[in-house]
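Report on the structure given below.
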Amino acid sequence: MRLRGRGAAALLAVAAGMALAGCDASVPIIGQPQVPKALTPLDAAKDLPGTIYLASGGRIWKLKGGQLQALTPGDQRWSYPAVTTDGGTTAASVLGSGHAEVAVGGADFANLKPLTTAPKDVHRASIDIKPAFSPDGKRLAFMSDRSNCCTDEAIWEGPFAPYKPRQVSTPPDVSGGDDEPVYLPDGSLLFVAWRPVDGDSRNVHAGLQQAPVPTGRLKPLLAPKDGDVMD
């Protein structure tokens, strides 16, 4: 299993946060108003419209009206929150030791249930992260190493009720894989693609590709020969 580029950095950052949270006895019980000092909202947060969901210390949090509330318990480690436009459906990645599964739940991340089970061998198809919902809320994209064709992470997407994901991208081996899937308003999918420049595997950069949904041919949008597109 390989995890390179932006995905690797993000997952390592989450792991570091998990380790710190495990040593912090001040992390509150779910639903209580107390929050870690590092997450105390400032006065400016009172003026923010709408709702913001974020991940910190292995938990999903809700910031609304200047108030911060823990939505997930402290006995699991969650990251990469995603929400449908109407707020009625949510998704996040639950992180384990050497594996991660995408889970889907209701409003405010209630009743999150993983779409897959953790593999017995954590070296086989073990990382599912960075979920994103389609504009109509019926499809889910994510980054995964579950493919049998590739050594790096690819993008998968499809309906989640019932759960029928398909592989969207096929990154070249040892390229760095694909990352950061997001749907566009027309329902197509955009993602970061790490690719060799002019076929040179020693010179790899991240660009942008677009994928029609539900099926269709990939369309490169940006293919830089130096520098990278990260997010």
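The chains in the structure tokens are called A, B, ... from first to last as shown; in each chain the residues are counted from 1, and the ligands are counted from 1 in the order shown.
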Distance table requested - segment 25-95 of chain A against segment 133-150 of chain A, cut-off 9 Å, only C-alpha atoms: one row per qualifying residue with the closest atom pair and its distance in Å to one decimal, ordered by chain and rising residue number, as a Markdown table.
| residue | atom | partner | partner_atom | distance |
| --- | --- | --- | --- | --- |
| A:Ala82 | CA | A:Phe133 | CA | 7.0 |
| A:Val83 | CA | A:Phe133 | CA | 6.9 |
| A:Thr84 | CA | A:Gly137 | CA | 5.4 |
| A:Thr85 | CA | A:Pro135 | CA | 6.9 |
| A:Asp86 | CA | A:Gly137 | CA | 8.4 |
| A:Thr89 | CA | A:Gly137 | CA | 7.6 |
| A:Thr90 | CA | A:Phe133 | CA | 8.6 |
| A:Ala91 | CA | A:Phe133 | CA | 8.3 |
Generate a file of the selected residues that holds all heavy atoms, formatted as a PDB file, in the first residue's frame.
ATOM      1  N   ALA A  82     -18.078  15.364   5.465  1.00  0.00           N
ATOM      2  CA  ALA A  82     -18.757  15.826   4.246  1.00  0.00           C
ATOM      3  C   ALA A  82     -20.253  15.870   4.525  1.00  0.00           C
ATOM      4  O   ALA A  82     -20.776  15.045   5.284  1.00  0.00           O
ATOM      5  CB  ALA A  82     -18.465  14.890   3.078  1.00  0.00           C
ATOM      6  N   VAL A  83     -20.942  16.835   3.903  1.00  0.00           N
ATOM      7  CA  VAL A  83     -22.363  17.053   4.170  1.00  0.00           C
ATOM      8  C   VAL A  83     -23.098  17.310   2.852  1.00  0.00           C
ATOM      9  O   VAL A  83     -22.576  18.007   1.979  1.00  0.00           O
ATOM     10  CB  VAL A  83     -22.575  18.259   5.112  1.00  0.00           C
ATOM     11  CG1 VAL A  83     -24.035  18.388   5.513  1.00  0.00           C
ATOM     12  CG2 VAL A  83     -21.702  18.144   6.352  1.00  0.00           C
ATOM     13  N   THR A  84     -24.290  16.761   2.704  1.00  0.00           N
ATOM     14  CA  THR A  84     -25.113  17.075   1.538  1.00  0.00           C
ATOM     15  C   THR A  84     -25.624  18.508   1.630  1.00  0.00           C
ATOM     16  O   THR A  84     -25.608  19.121   2.693  1.00  0.00           O
ATOM     17  CB  THR A  84     -26.305  16.108   1.427  1.00  0.00           C
ATOM     18  OG1 THR A  84     -27.047  16.142   2.669  1.00  0.00           O
ATOM     19  CG2 THR A  84     -25.844  14.686   1.160  1.00  0.00           C
ATOM     20  N   THR A  85     -26.110  19.035   0.508  1.00  0.00           N
ATOM     21  CA  THR A  85     -26.561  20.419   0.456  1.00  0.00           C
ATOM     22  C   THR A  85     -27.659  20.705   1.467  1.00  0.00           C
ATOM     23  O   THR A  85     -27.680  21.767   2.096  1.00  0.00           O
ATOM     24  CB  THR A  85     -27.054  20.755  -0.958  1.00  0.00           C
ATOM     25  OG1 THR A  85     -25.999  20.508  -1.888  1.00  0.00           O
ATOM     26  CG2 THR A  85     -27.471  22.208  -1.067  1.00  0.00           C
ATOM     27  N   ASP A  86     -28.569  19.761   1.658  1.00  0.00           N
ATOM     28  CA  ASP A  86     -29.668  19.990   2.598  1.00  0.00           C
ATOM     29  C   ASP A  86     -29.291  19.660   4.037  1.00  0.00           C
ATOM     30  O   ASP A  86     -30.097  19.872   4.954  1.00  0.00           O
ATOM     31  CB  ASP A  86     -30.908  19.188   2.194  1.00  0.00           C
ATOM     32  CG  ASP A  86     -30.680  17.673   2.227  1.00  0.00           C
ATOM     33  OD1 ASP A  86     -29.597  17.216   2.663  1.00  0.00           O
ATOM     34  OD2 ASP A  86     -31.600  16.932   1.804  1.00  0.00           O
ATOM     35  N   THR A  89     -27.797  14.360   5.154  1.00  0.00           N
ATOM     36  CA  THR A  89     -26.925  13.185   5.077  1.00  0.00           C
ATOM     37  C   THR A  89     -25.483  13.633   5.235  1.00  0.00           C
ATOM     38  O   THR A  89     -25.083  14.662   4.694  1.00  0.00           O
ATOM     39  CB  THR A  89     -27.096  12.447   3.741  1.00  0.00           C
ATOM     40  OG1 THR A  89     -28.486  12.167   3.528  1.00  0.00           O
ATOM     41  CG2 THR A  89     -26.331  11.134   3.735  1.00  0.00           C
ATOM     42  N   THR A  90     -24.721  12.862   5.975  1.00  0.00           N
ATOM     43  CA  THR A  90     -23.328  13.207   6.238  1.00  0.00           C
ATOM     44  C   THR A  90     -22.441  11.992   5.998  1.00  0.00           C
ATOM     45  O   THR A  90     -22.906  10.853   5.964  1.00  0.00           O
ATOM     46  CB  THR A  90     -23.141  13.684   7.690  1.00  0.00           C
ATOM     47  OG1 THR A  90     -23.635  12.669   8.584  1.00  0.00           O
ATOM     48  CG2 THR A  90     -23.909  14.978   7.939  1.00  0.00           C
ATOM     49  N   ALA A  91     -21.163  12.240   5.834  1.00  0.00           N
ATOM     50  CA  ALA A  91     -20.183  11.163   5.656  1.00  0.00           C
ATOM     51  C   ALA A  91     -18.871  11.594   6.283  1.00  0.00           C
ATOM     52  O   ALA A  91     -18.571  12.792   6.406  1.00  0.00           O
ATOM     53  CB  ALA A  91     -19.987  10.827   4.180  1.00  0.00           C
TER      54      ALA A  91
END
*asked:* Among segment 29-171 of chain A, which ones does DSSP assign to strand (DSSP E or B) (computed from the backbone)? Answer as a PyMOL selection string.
replied: chain A and resi 52-56+59-64+67-70+77-83+90-95+100-105+113-114+127-133+139-144+154-160+163+166-167
task = Please provide as a ChimeraX atom specification all residues within 9 Å of Ala103 of chain A, with the sequence filter that same-chain residues fewer than 3 positions apart are discarded (counting only C-alpha atoms).
result = /A:90-94,112-116,131
Let me see the file: selected residues, N, CA and C atoms, as a PDB file, in the first residue's frame.
ATOM      1  N   THR A  90     -24.721  12.862   5.975  1.00  0.00           N
ATOM      2  CA  THR A  90     -23.328  13.207   6.238  1.00  0.00           C
ATOM      3  C   THR A  90     -22.441  11.992   5.998  1.00  0.00           C
ATOM      4  N   ALA A  91     -21.163  12.240   5.834  1.00  0.00           N
ATOM      5  CA  ALA A  91     -20.183  11.163   5.656  1.00  0.00           C
ATOM      6  C   ALA A  91     -18.871  11.594   6.283  1.00  0.00           C
ATOM      7  N   ALA A  92     -18.073  10.616   6.680  1.00  0.00           N
ATOM      8  CA  ALA A  92     -16.746  10.872   7.237  1.00  0.00           C
ATOM      9  C   ALA A  92     -15.957   9.578   7.153  1.00  0.00           C
ATOM     10  N   SER A  93     -14.661   9.677   7.364  1.00  0.00           N
ATOM     11  CA  SER A  93     -13.816   8.490   7.414  1.00  0.00           C
ATOM     12  C   SER A  93     -13.521   8.148   8.863  1.00  0.00           C
ATOM     13  N   VAL A  94     -13.739   6.883   9.216  1.00  0.00           N
ATOM     14  CA  VAL A  94     -13.376   6.403  10.541  1.00  0.00           C
ATOM     15  C   VAL A  94     -12.022   5.722  10.416  1.00  0.00           C
ATOM     16  N   LEU A 112     -23.531   7.319  12.340  1.00  0.00           N
ATOM     17  CA  LEU A 112     -22.590   7.009  11.263  1.00  0.00           C
ATOM     18  C   LEU A 112     -22.318   5.512  11.209  1.00  0.00           C
ATOM     19  N   LYS A 113     -22.468   4.938  10.014  1.00  0.00           N
ATOM     20  CA  LYS A 113     -22.229   3.506   9.844  1.00  0.00           C
ATOM     21  C   LYS A 113     -21.299   3.295   8.650  1.00  0.00           C
ATOM     22  N   PRO A 114     -20.172   2.587   8.880  1.00  0.00           N
ATOM     23  CA  PRO A 114     -19.235   2.334   7.779  1.00  0.00           C
ATOM     24  C   PRO A 114     -19.883   1.558   6.647  1.00  0.00           C
ATOM     25  N   LEU A 115     -19.528   1.907   5.412  1.00  0.00           N
ATOM     26  CA  LEU A 115     -20.052   1.215   4.237  1.00  0.00           C
ATOM     27  C   LEU A 115     -19.340  -0.111   4.001  1.00  0.00           C
ATOM     28  N   THR A 116     -18.139  -0.265   4.570  1.00  0.00           N
ATOM     29  CA  THR A 116     -17.386  -1.511   4.443  1.00  0.00           C
ATOM     30  C   THR A 116     -16.852  -1.900   5.815  1.00  0.00           C
ATOM     31  N   PRO A 131     -14.399  11.531   1.621  1.00  0.00           N
ATOM     32  CA  PRO A 131     -15.677  11.412   0.921  1.00  0.00           C
ATOM     33  C   PRO A 131     -16.194  12.773   0.459  1.00  0.00           C
TER      34      PRO A 131
END
Segment 165-176 of chain A environment, 8 Å, only C-alpha atoms, sequence neighbours closer than 3 positions dropped, as a PDB file with all heavy atoms, in the first residue's frame:
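Contents of out-v3.pdb, as written:
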ATOM      1  N   LEU A   3       0.757   5.594   0.072  1.00  0.00           N
ATOM      2  CA  LEU A   3      -0.019   6.798   0.267  1.00  0.00           C
ATOM      3  C   LEU A   3       0.927   7.962   0.141  1.00  0.00           C
ATOM      4  O   LEU A   3       1.743   8.211   0.998  1.00  0.00           O
ATOM      5  CB  LEU A   3      -0.680   6.795   1.649  1.00  0.00           C
ATOM      6  CG  LEU A   3      -1.752   7.869   1.862  1.00  0.00           C
ATOM      7  CD1 LEU A   3      -2.922   7.621   0.922  1.00  0.00           C
ATOM      8  CD2 LEU A   3      -2.235   7.886   3.292  1.00  0.00           C
ATOM      9  N   ARG A   4       0.850   8.632  -1.004  1.00  0.00           N
ATOM     10  CA  ARG A   4       1.797   9.686  -1.299  1.00  0.00           C
ATOM     11  C   ARG A   4       1.072  10.999  -1.527  1.00  0.00           C
ATOM     12  O   ARG A   4      -0.141  11.059  -1.569  1.00  0.00           O
ATOM     13  CB  ARG A   4       2.609   9.334  -2.540  1.00  0.00           C
ATOM     14  CG  ARG A   4       3.401   8.054  -2.422  1.00  0.00           C
ATOM     15  CD  ARG A   4       4.149   7.782  -3.691  1.00  0.00           C
ATOM     16  NE  ARG A   4       5.047   8.876  -4.034  1.00  0.00           N
ATOM     17  CZ  ARG A   4       5.678   8.963  -5.199  1.00  0.00           C
ATOM     18  NH1 ARG A   4       5.487   8.040  -6.123  1.00  0.00           N
ATOM     19  NH2 ARG A   4       6.482   9.979  -5.457  1.00  0.00           N
ATOM     20  N   GLY A   5       1.841  12.047  -1.699  1.00  0.00           N
ATOM     21  CA  GLY A   5       1.275  13.339  -2.030  1.00  0.00           C
ATOM     22  C   GLY A   5       0.419  13.882  -0.908  1.00  0.00           C
ATOM     23  O   GLY A   5       0.658  13.671   0.271  1.00  0.00           O
ATOM     24  N   SER A 147      -8.186  -0.712  -5.359  1.00  0.00           N
ATOM     25  CA  SER A 147      -8.047  -1.234  -6.709  1.00  0.00           C
ATOM     26  C   SER A 147      -6.996  -2.338  -6.794  1.00  0.00           C
ATOM     27  O   SER A 147      -5.963  -2.299  -6.131  1.00  0.00           O
ATOM     28  CB  SER A 147      -7.666  -0.103  -7.661  1.00  0.00           C
ATOM     29  OG  SER A 147      -7.364  -0.611  -8.935  1.00  0.00           O
ATOM     30  N   CYS A 149      -5.561  -2.888  -9.666  1.00  0.00           N
ATOM     31  CA  CYS A 149      -4.738  -2.545 -10.831  1.00  0.00           C
ATOM     32  C   CYS A 149      -3.546  -1.669 -10.495  1.00  0.00           C
ATOM     33  O   CYS A 149      -2.584  -1.597 -11.242  1.00  0.00           O
ATOM     34  CB  CYS A 149      -5.576  -1.805 -11.873  1.00  0.00           C
ATOM     35  SG  CYS A 149      -5.950  -0.093 -11.416  1.00  0.00           S
ATOM     36  N   CYS A 150      -3.635  -0.976  -9.323  1.00  0.00           N
ATOM     37  CA  CYS A 150      -2.698   0.133  -9.097  1.00  0.00           C
ATOM     38  C   CYS A 150      -2.049   0.036  -7.720  1.00  0.00           C
ATOM     39  O   CYS A 150      -2.649  -0.468  -6.775  1.00  0.00           O
ATOM     40  CB  CYS A 150      -3.431   1.467  -9.205  1.00  0.00           C
ATOM     41  SG  CYS A 150      -4.607   1.567 -10.579  1.00  0.00           S
ATOM     42  N   THR A 151      -0.829   0.544  -7.644  1.00  0.00           N
ATOM     43  CA  THR A 151      -0.155   0.576  -6.348  1.00  0.00           C
ATOM     44  C   THR A 151      -0.500   1.828  -5.561  1.00  0.00           C
ATOM     45  O   THR A 151      -0.277   1.887  -4.357  1.00  0.00           O
ATOM     46  CB  THR A 151       1.374   0.519  -6.532  1.00  0.00           C
ATOM     47  OG1 THR A 151       1.792   1.644  -7.319  1.00  0.00           O
ATOM     48  CG2 THR A 151       1.804  -0.763  -7.205  1.00  0.00           C
ATOM     49  N   ASP A 152      -1.046   2.840  -6.218  1.00  0.00           N
ATOM     50  CA  ASP A 152      -1.396   4.094  -5.569  1.00  0.00           C
ATOM     51  C   ASP A 152      -2.909   4.262  -5.491  1.00  0.00           C
ATOM     52  O   ASP A 152      -3.670   3.537  -6.139  1.00  0.00           O
ATOM     53  CB  ASP A 152      -0.777   5.275  -6.332  1.00  0.00           C
ATOM     54  CG  ASP A 152       0.734   5.295  -6.217  1.00  0.00           C
ATOM     55  OD1 ASP A 152       1.239   5.207  -5.088  1.00  0.00           O
ATOM     56  OD2 ASP A 152       1.407   5.382  -7.263  1.00  0.00           O
ATOM     57  N   GLU A 153      -3.346   5.264  -4.725  1.00  0.00           N
ATOM     58  CA  GLU A 153      -4.765   5.493  -4.515  1.00  0.00           C
ATOM     59  C   GLU A 153      -5.447   5.996  -5.788  1.00  0.00           C
ATOM     60  O   GLU A 153      -4.897   6.823  -6.518  1.00  0.00           O
ATOM     61  CB  GLU A 153      -4.978   6.507  -3.382  1.00  0.00           C
ATOM     62  CG  GLU A 153      -4.697   5.954  -1.999  1.00  0.00           C
ATOM     63  CD  GLU A 153      -3.232   5.653  -1.776  1.00  0.00           C
ATOM     64  OE1 GLU A 153      -2.394   6.361  -2.351  1.00  0.00           O
ATOM     65  OE2 GLU A 153      -2.943   4.690  -1.058  1.00  0.00           O
ATOM     66  N   ALA A 154      -6.657   5.530  -6.018  1.00  0.00           N
ATOM     67  CA  ALA A 154      -7.469   5.954  -7.147  1.00  0.00           C
ATOM     68  C   ALA A 154      -8.749   6.601  -6.622  1.00  0.00           C
ATOM     69  O   ALA A 154      -9.043   6.553  -5.429  1.00  0.00           O
ATOM     70  CB  ALA A 154      -7.803   4.764  -8.046  1.00  0.00           C
ATOM     71  N   ILE A 155      -9.509   7.211  -7.521  1.00  0.00           N
ATOM     72  CA  ILE A 155     -10.789   7.801  -7.161  1.00  0.00           C
ATOM     73  C   ILE A 155     -11.909   6.816  -7.487  1.00  0.00           C
ATOM     74  O   ILE A 155     -11.934   6.222  -8.570  1.00  0.00           O
ATOM     75  CB  ILE A 155     -11.020   9.126  -7.921  1.00  0.00           C
ATOM     76  CG1 ILE A 155      -9.890  10.114  -7.623  1.00  0.00           C
ATOM     77  CG2 ILE A 155     -12.368   9.725  -7.553  1.00  0.00           C
ATOM     78  CD1 ILE A 155      -9.714  10.459  -6.157  1.00  0.00           C
ATOM     79  N   TRP A 156     -12.826   6.663  -6.548  1.00  0.00           N
ATOM     80  CA  TRP A 156     -13.995   5.813  -6.721  1.00  0.00           C
ATOM     81  C   TRP A 156     -15.240   6.660  -6.479  1.00  0.00           C
ATOM     82  O   TRP A 156     -15.192   7.637  -5.729  1.00  0.00           O
ATOM     83  CB  TRP A 156     -13.969   4.651  -5.728  1.00  0.00           C
ATOM     84  CG  TRP A 156     -12.907   3.632  -6.018  1.00  0.00           C
ATOM     85  CD1 TRP A 156     -11.550   3.795  -5.916  1.00  0.00           C
ATOM     86  CD2 TRP A 156     -13.106   2.298  -6.464  1.00  0.00           C
ATOM     87  NE1 TRP A 156     -10.897   2.649  -6.269  1.00  0.00           N
ATOM     88  CE2 TRP A 156     -11.829   1.707  -6.611  1.00  0.00           C
ATOM     89  CE3 TRP A 156     -14.243   1.534  -6.755  1.00  0.00           C
ATOM     90  CZ2 TRP A 156     -11.652   0.393  -7.035  1.00  0.00           C
ATOM     91  CZ3 TRP A 156     -14.072   0.216  -7.171  1.00  0.00           C
ATOM     92  CH2 TRP A 156     -12.793  -0.335  -7.308  1.00  0.00           C
ATOM     93  N   GLU A 157     -16.355   6.285  -7.112  1.00  0.00           N
ATOM     94  CA  GLU A 157     -17.602   7.007  -6.862  1.00  0.00           C
ATOM     95  C   GLU A 157     -18.778   6.147  -7.275  1.00  0.00           C
ATOM     96  O   GLU A 157     -18.649   5.210  -8.054  1.00  0.00           O
ATOM     97  CB  GLU A 157     -17.601   8.352  -7.584  1.00  0.00           C
ATOM     98  CG  GLU A 157     -17.987   8.339  -9.039  1.00  0.00           C
ATOM     99  CD  GLU A 157     -19.497   8.431  -9.265  1.00  0.00           C
ATOM    100  OE1 GLU A 157     -20.190   9.136  -8.518  1.00  0.00           O
ATOM    101  OE2 GLU A 157     -19.969   7.763 -10.212  1.00  0.00           O
ATOM    102  N   GLY A 158     -19.940   6.501  -6.747  1.00  0.00           N
ATOM    103  CA  GLY A 158     -21.151   5.788  -7.102  1.00  0.00           C
ATOM    104  C   GLY A 158     -22.231   6.017  -6.068  1.00  0.00           C
ATOM    105  O   GLY A 158     -22.032   6.740  -5.085  1.00  0.00           O
ATOM    106  N   PRO A 159     -23.407   5.417  -6.261  1.00  0.00           N
ATOM    107  CA  PRO A 159     -24.470   5.547  -5.260  1.00  0.00           C
ATOM    108  C   PRO A 159     -24.068   4.844  -3.960  1.00  0.00           C
ATOM    109  O   PRO A 159     -23.318   3.871  -3.988  1.00  0.00           O
ATOM    110  CB  PRO A 159     -25.664   4.853  -5.929  1.00  0.00           C
ATOM    111  CG  PRO A 159     -25.056   3.910  -6.913  1.00  0.00           C
ATOM    112  CD  PRO A 159     -23.805   4.574  -7.399  1.00  0.00           C
ATOM    113  N   PHE A 160     -24.553   5.354  -2.847  1.00  0.00           N
ATOM    114  CA  PHE A 160     -24.215   4.722  -1.566  1.00  0.00           C
ATOM    115  C   PHE A 160     -25.432   4.052  -0.925  1.00  0.00           C
ATOM    116  O   PHE A 160     -25.308   3.428   0.121  1.00  0.00           O
ATOM    117  CB  PHE A 160     -23.604   5.741  -0.598  1.00  0.00           C
ATOM    118  CG  PHE A 160     -24.457   6.941  -0.314  1.00  0.00           C
ATOM    119  CD1 PHE A 160     -25.367   6.941   0.722  1.00  0.00           C
ATOM    120  CD2 PHE A 160     -24.342   8.082  -1.097  1.00  0.00           C
ATOM    121  CE1 PHE A 160     -26.150   8.050   0.985  1.00  0.00           C
ATOM    122  CE2 PHE A 160     -25.118   9.194  -0.838  1.00  0.00           C
ATOM    123  CZ  PHE A 160     -26.030   9.181   0.197  1.00  0.00           C
ATOM    124  N   ALA A 193      -4.802  14.711  -9.960  1.00  0.00           N
ATOM    125  CA  ALA A 193      -4.175  13.526 -10.552  1.00  0.00           C
ATOM    126  C   ALA A 193      -2.663  13.719 -10.612  1.00  0.00           C
ATOM    127  O   ALA A 193      -2.179  14.658 -11.254  1.00  0.00           O
ATOM    128  CB  ALA A 193      -4.730  13.273 -11.949  1.00  0.00           C
ATOM    129  N   TRP A 194      -1.936  12.838  -9.948  1.00  0.00           N
ATOM    130  CA  TRP A 194      -0.465  12.847 -10.027  1.00  0.00           C
ATOM    131  C   TRP A 194      -0.047  12.008 -11.233  1.00  0.00           C
ATOM    132  O   TRP A 194      -0.356  10.818 -11.313  1.00  0.00           O
ATOM    133  CB  TRP A 194       0.132  12.270  -8.743  1.00  0.00           C
ATOM    134  CG  TRP A 194      -0.091  13.136  -7.548  1.00  0.00           C
ATOM    135  CD1 TRP A 194      -1.220  13.222  -6.778  1.00  0.00           C
ATOM    136  CD2 TRP A 194       0.837  14.067  -6.987  1.00  0.00           C
ATOM    137  NE1 TRP A 194      -1.055  14.134  -5.776  1.00  0.00           N
ATOM    138  CE2 TRP A 194       0.199  14.671  -5.876  1.00  0.00           C
ATOM    139  CE3 TRP A 194       2.142  14.442  -7.306  1.00  0.00           C
ATOM    140  CZ2 TRP A 194       0.829  15.635  -5.082  1.00  0.00           C
ATOM    141  CZ3 TRP A 194       2.763  15.395  -6.508  1.00  0.00           C
ATOM    142  CH2 TRP A 194       2.118  15.986  -5.424  1.00  0.00           C
ATOM    143  N   ARG A 195       0.669  12.630 -12.182  1.00  0.00           N
ATOM    144  CA  ARG A 195       1.026  11.949 -13.409  1.00  0.00           C
ATOM    145  C   ARG A 195       2.462  12.296 -13.825  1.00  0.00           C
ATOM    146  O   ARG A 195       2.932  13.422 -13.612  1.00  0.00           O
ATOM    147  CB  ARG A 195       0.083  12.357 -14.551  1.00  0.00           C
ATOM    148  CG  ARG A 195      -1.374  11.960 -14.344  1.00  0.00           C
ATOM    149  CD  ARG A 195      -1.544  10.450 -14.417  1.00  0.00           C
ATOM    150  NE  ARG A 195      -2.938  10.057 -14.291  1.00  0.00           N
ATOM    151  CZ  ARG A 195      -3.549   9.802 -13.143  1.00  0.00           C
ATOM    152  NH1 ARG A 195      -2.864   9.907 -12.013  1.00  0.00           N
ATOM    153  NH2 ARG A 195      -4.810   9.429 -13.107  1.00  0.00           N
ATOM    154  N   PRO A 196       3.166  11.336 -14.440  1.00  0.00           N
ATOM    155  CA  PRO A 196       4.495  11.622 -15.000  1.00  0.00           C
ATOM    156  C   PRO A 196       4.395  12.645 -16.128  1.00  0.00           C
ATOM    157  O   PRO A 196       3.433  12.641 -16.896  1.00  0.00           O
ATOM    158  CB  PRO A 196       4.969  10.262 -15.517  1.00  0.00           C
ATOM    159  CG  PRO A 196       4.121   9.249 -14.827  1.00  0.00           C
ATOM    160  CD  PRO A 196       2.791   9.912 -14.606  1.00  0.00           C
ATOM    161  N   SER A 201       8.821   8.890 -15.387  1.00  0.00           N
ATOM    162  CA  SER A 201       8.378   8.531 -14.042  1.00  0.00           C
ATOM    163  C   SER A 201       9.182   9.218 -12.949  1.00  0.00           C
ATOM    164  O   SER A 201       8.787   9.220 -11.785  1.00  0.00           O
ATOM    165  CB  SER A 201       8.447   7.009 -13.848  1.00  0.00           C
ATOM    166  OG  SER A 201       9.778   6.544 -14.004  1.00  0.00           O
ATOM    167  N   VAL A 204       7.176  13.761 -11.759  1.00  0.00           N
ATOM    168  CA  VAL A 204       5.742  13.597 -11.548  1.00  0.00           C
ATOM    169  C   VAL A 204       5.166  14.869 -10.942  1.00  0.00           C
ATOM    170  O   VAL A 204       5.719  15.412  -9.984  1.00  0.00           O
ATOM    171  CB  VAL A 204       5.459  12.401 -10.617  1.00  0.00           C
ATOM    172  CG1 VAL A 204       3.963  12.267 -10.349  1.00  0.00           C
ATOM    173  CG2 VAL A 204       6.009  11.118 -11.226  1.00  0.00           C
ATOM    174  N   ALA A 211     -14.110  13.928 -14.635  1.00  0.00           N
ATOM    175  CA  ALA A 211     -14.705  12.649 -15.018  1.00  0.00           C
ATOM    176  C   ALA A 211     -16.214  12.801 -15.132  1.00  0.00           C
ATOM    177  O   ALA A 211     -16.866  13.238 -14.174  1.00  0.00           O
ATOM    178  CB  ALA A 211     -14.375  11.578 -13.981  1.00  0.00           C
ATOM    179  N   LEU A 218     -12.168  10.333 -19.131  1.00  0.00           N
ATOM    180  CA  LEU A 218     -11.541  11.380 -18.335  1.00  0.00           C
ATOM    181  C   LEU A 218     -11.046  12.510 -19.231  1.00  0.00           C
ATOM    182  O   LEU A 218     -10.598  12.293 -20.351  1.00  0.00           O
ATOM    183  CB  LEU A 218     -10.361  10.816 -17.541  1.00  0.00           C
ATOM    184  CG  LEU A 218     -10.670   9.716 -16.521  1.00  0.00           C
ATOM    185  CD1 LEU A 218      -9.399   9.303 -15.803  1.00  0.00           C
ATOM    186  CD2 LEU A 218     -11.708  10.182 -15.526  1.00  0.00           C
TER     187      LEU A 218
END
Report, in Å to a single decimal, how far apart atom CA of Asp108 of chain A and atom CA of Lys62 of chain A are.
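Going from atom CA of Lys62 of chain A over to atom CA of Asp108 of chain A covers 7.6 Å.
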Any idea what's packed within 12 Å of Ala118 of chain A, counting only C-alpha atoms, ignoring anything in its chain fewer than 4 positions away? Could you give it as number ranges by chain?
-> A: 93-103, 114, 122-128, 146
Please save N, CA and C atoms of the selected residues as a compact mmCIF listing (two decimals), in the first residue's frame.
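What landed in again_23.txt:
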# COMPACT_ATOMS: atom_id res chain seq x y z
N SER A 93 -14.66 9.68 7.36
CA SER A 93 -13.82 8.49 7.41
C SER A 93 -13.52 8.15 8.86
N VAL A 94 -13.74 6.88 9.22
CA VAL A 94 -13.38 6.40 10.54
C VAL A 94 -12.02 5.72 10.42
N LEU A 95 -11.07 6.17 11.22
CA LEU A 95 -9.69 5.74 11.10
C LEU A 95 -9.36 4.67 12.12
N GLY A 96 -8.74 3.60 11.65
CA GLY A 96 -8.28 2.55 12.54
C GLY A 96 -6.77 2.42 12.46
N SER A 97 -6.24 1.32 12.91
CA SER A 97 -4.81 1.07 12.87
C SER A 97 -4.44 0.48 11.51
N GLY A 98 -3.97 1.33 10.60
CA GLY A 98 -3.59 0.88 9.27
C GLY A 98 -4.74 0.78 8.29
N HIS A 99 -5.92 1.29 8.65
CA HIS A 99 -7.04 1.22 7.72
C HIS A 99 -8.00 2.38 8.00
N ALA A 100 -8.89 2.66 7.05
CA ALA A 100 -9.92 3.69 7.21
C ALA A 100 -11.10 3.34 6.34
N GLU A 101 -12.31 3.51 6.87
CA GLU A 101 -13.53 3.22 6.12
C GLU A 101 -14.40 4.47 6.04
N VAL A 102 -15.11 4.64 4.93
CA VAL A 102 -16.06 5.73 4.79
C VAL A 102 -17.37 5.30 5.44
N ALA A 103 -17.93 6.18 6.26
CA ALA A 103 -19.20 5.92 6.92
C ALA A 103 -20.20 7.01 6.54
N PRO A 114 -20.17 2.59 8.88
CA PRO A 114 -19.23 2.33 7.78
C PRO A 114 -19.88 1.56 6.65
N VAL A 122 -4.44 -5.54 6.77
CA VAL A 122 -4.47 -4.09 6.59
C VAL A 122 -3.64 -3.62 5.40
N HIS A 123 -2.92 -4.55 4.77
CA HIS A 123 -2.14 -4.18 3.58
C HIS A 123 -2.94 -4.37 2.29
N ARG A 124 -4.21 -4.77 2.42
CA ARG A 124 -5.03 -4.99 1.23
C ARG A 124 -6.29 -4.13 1.32
N ALA A 125 -6.40 -3.19 0.39
CA ALA A 125 -7.61 -2.36 0.27
C ALA A 125 -8.05 -1.78 1.61
N SER A 126 -7.18 -1.02 2.24
CA SER A 126 -7.45 -0.64 3.62
C SER A 126 -7.70 0.84 3.84
N ILE A 127 -7.52 1.69 2.82
CA ILE A 127 -7.66 3.13 3.02
C ILE A 127 -8.78 3.69 2.15
N ASP A 128 -9.87 4.13 2.78
CA ASP A 128 -10.96 4.85 2.12
C ASP A 128 -11.13 6.18 2.84
N ARG A 146 -8.23 0.48 -2.86
CA ARG A 146 -8.87 -0.84 -3.01
C ARG A 146 -8.66 -1.48 -4.38
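For the choices A:Gly87, A:Lys219, A:Thr40, A:Asp75, the atom-to-atom distance to Tyr53 of chain A is smallest for A:Gly87 when using only C-alpha atoms.
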Residues within 9 Å of Phe191 of chain A, please, as a VMD selection string. Count only C-alpha atoms; anything in the same chain fewer than 6 positions from it doesn't count. chain A and resid 155 178 to 183 207 to 211 231
Expected file contents, prior selection, C-alpha atoms, as a short mmCIF file (atom, residue, chain, number, x, y, z; two decimals), in the first residue's frame:
data_model
loop_
_atom_site.label_atom_id
_atom_site.label_comp_id
_atom_site.auth_asym_id
_atom_site.auth_seq_id
_atom_site.Cartn_x
_atom_site.Cartn_y
_atom_site.Cartn_z
CA ILE A 155 -10.79 7.80 -7.16
CA ASP A 178 -5.22 10.54 -7.27
CA ASP A 179 -6.63 12.78 -4.56
CA GLU A 180 -9.23 15.34 -3.43
CA PRO A 181 -12.41 14.28 -5.31
CA VAL A 182 -15.19 16.87 -5.54
CA TYR A 183 -18.35 17.08 -7.64
CA GLY A 207 -2.80 18.37 -12.19
CA LEU A 208 -6.59 18.34 -12.52
CA GLN A 209 -8.85 15.87 -14.30
CA GLN A 210 -12.60 15.80 -14.86
CA ALA A 211 -14.70 12.65 -15.02
CA ASP A 231 -6.44 21.12 -3.43
#
